[in-house]
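J.: One structure is given below, represented as C-alpha coordinates, and several questions about it will come after.
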Amino acid sequence: MIDVNREIERVVKTGKVFFGCNSAVKNALEGKVKLIVLAENCPEEAKRKIEYYSKLSNVPVMIYKGSGRDLGEICGKPFIVSALSIREVGDSKILEAMEGQ
(Lines give C-alpha, C1' and ligand atoms only; values in the text may rest on other atoms or scores of the structure.)
Protein backbone atom coordinates (compact mmCIF):
# COMPACT_ATOMS: atom_id res chain seq x y z
CA MET A 1 0.00 0.00 0.00
CA ILE A 2 1.27 3.46 -0.91
CA ASP A 3 1.80 5.97 1.92
CA VAL A 4 0.04 9.12 0.70
CA ASN A 5 1.93 11.37 3.16
CA ARG A 6 5.29 10.09 1.95
CA GLU A 7 4.29 10.53 -1.70
CA ILE A 8 3.08 14.10 -1.12
CA GLU A 9 6.37 14.86 0.64
CA ARG A 10 8.28 13.31 -2.29
CA VAL A 11 6.33 15.20 -4.97
CA VAL A 12 6.99 18.52 -3.21
CA LYS A 13 10.73 17.74 -3.11
CA THR A 14 11.18 16.26 -6.60
CA GLY A 15 8.26 17.47 -8.71
CA LYS A 16 6.68 20.77 -9.62
CA VAL A 17 3.83 21.93 -7.39
CA PHE A 18 1.78 25.04 -6.71
CA PHE A 19 0.28 25.95 -3.34
CA GLY A 20 -3.05 27.62 -2.60
CA CYS A 21 -6.70 27.64 -3.64
CA ASN A 22 -6.39 30.48 -6.18
CA SER A 23 -3.57 28.65 -7.91
CA ALA A 24 -5.60 25.41 -7.85
CA VAL A 25 -8.62 27.12 -9.45
CA LYS A 26 -6.38 28.56 -12.18
CA ASN A 27 -4.60 25.22 -12.73
CA ALA A 28 -7.91 23.33 -12.82
CA LEU A 29 -9.27 25.82 -15.35
CA GLU A 30 -6.20 25.47 -17.59
CA GLY A 31 -6.04 21.69 -17.12
CA LYS A 32 -2.25 21.78 -17.02
CA VAL A 33 -1.83 19.77 -13.81
CA LYS A 34 -1.85 16.02 -13.22
CA LEU A 35 -3.55 16.12 -9.83
CA ILE A 36 -5.00 18.54 -7.28
CA VAL A 37 -4.89 17.63 -3.60
CA LEU A 38 -7.36 19.37 -1.29
CA ALA A 39 -7.21 19.35 2.51
CA GLU A 40 -10.34 17.98 4.17
CA ASN A 41 -11.06 21.42 5.64
CA CYS A 42 -10.49 23.37 2.40
CA PRO A 43 -13.00 26.27 2.31
CA GLU A 44 -16.25 24.98 0.79
CA GLU A 45 -16.58 27.65 -1.91
CA ALA A 46 -13.01 27.13 -3.12
CA LYS A 47 -13.48 23.34 -3.02
CA ARG A 48 -16.64 23.57 -5.17
CA LYS A 49 -14.90 25.80 -7.74
CA ILE A 50 -11.82 23.60 -7.92
CA GLU A 51 -13.87 20.40 -8.25
CA TYR A 52 -16.09 21.97 -10.94
CA TYR A 53 -13.21 23.22 -13.11
CA SER A 54 -11.24 20.02 -12.54
CA LYS A 55 -14.16 17.98 -13.83
CA LEU A 56 -14.36 20.16 -16.97
CA SER A 57 -10.61 19.75 -17.59
CA ASN A 58 -10.42 16.07 -16.55
CA VAL A 59 -7.99 16.81 -13.72
CA PRO A 60 -8.32 14.32 -10.83
CA VAL A 61 -8.95 15.74 -7.35
CA MET A 62 -7.81 13.92 -4.22
CA ILE A 63 -9.23 14.82 -0.81
CA TYR A 64 -6.41 14.62 1.73
CA LYS A 65 -7.49 12.99 5.00
CA GLY A 66 -6.27 15.79 7.22
CA SER A 67 -6.36 19.53 7.77
CA GLY A 68 -4.62 22.26 5.83
CA ARG A 69 -2.19 22.51 8.75
CA ASP A 70 -1.37 18.78 8.39
CA LEU A 71 -0.92 19.16 4.64
CA GLY A 72 1.32 22.20 5.11
CA GLU A 73 3.45 20.27 7.60
CA ILE A 74 3.90 17.34 5.20
CA CYS A 75 4.86 19.78 2.44
CA GLY A 76 7.50 21.25 4.77
CA LYS A 77 5.79 24.63 4.78
CA PRO A 78 5.32 26.90 7.82
CA PHE A 79 1.78 27.74 6.69
CA ILE A 80 -1.59 26.10 6.06
CA VAL A 81 -1.93 24.43 2.64
CA SER A 82 -5.58 23.99 1.67
CA ALA A 83 -4.81 23.06 -1.94
CA LEU A 84 -1.82 21.61 -3.73
CA SER A 85 -1.64 21.46 -7.54
CA ILE A 86 0.81 18.95 -8.98
CA ARG A 87 2.17 19.78 -12.44
CA GLU A 88 5.05 17.26 -12.43
CA VAL A 89 5.12 14.24 -10.12
CA GLY A 90 8.93 13.88 -9.98
CA ASP A 91 9.95 10.66 -8.19
CA SER A 92 6.57 10.38 -6.48
CA LYS A 93 3.97 7.63 -6.95
CA ILE A 94 1.16 10.02 -5.96
CA LEU A 95 -0.93 9.20 -9.04
CA GLU A 96 -0.86 5.50 -8.09
CA ALA A 97 -1.96 6.47 -4.57
CA MET A 98 -4.84 8.36 -6.15
CA GLU A 99 -5.99 5.23 -8.01
CA GLY A 100 -6.23 3.41 -4.68
CA GLN A 101 -8.80 5.88 -3.34
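Each chain of the C-alpha coordinates is named A, B, ... in the order shown, its residues numbered from 1; ligands are numbered from 1 in display order.
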Among chain A, which residues carry a DSSP assignment of strand (DSSP E), reported as an MDAnalysis selection string?

T.: chainID A and resid 16:19 35:39 61:64 83:88

J.: Pick the closest to A:Val37 from A:Ile2, A:Lys77, A:Ser54, A:Tyr64: which is it, counting only C-alpha atoms?

T.: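 Among A:Ile2, A:Lys77, A:Ser54, A:Tyr64, it is A:Tyr64 that comes nearest to A:Val37.
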
J.: Pick out the residues sitting within 8 Å of A:Leu71, and hand them over as a list in words; count only C-alpha atoms, and ignore anything fewer than 3 positions along from it in its own chain.

T.: Ala39, Tyr64, Gly66, Ser67, Gly68, Ile74, Cys75, Ile80, Val81 and Ser82 of chain A

J.: May I ask which of the residues A:Arg6, A:Lys49, A:Lys65, A:Lys16 is the closest one to A:Lys32, counting only C-alpha atoms?

T.: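 Ranked by minimum distance to A:Lys32, first place goes to A:Lys16.
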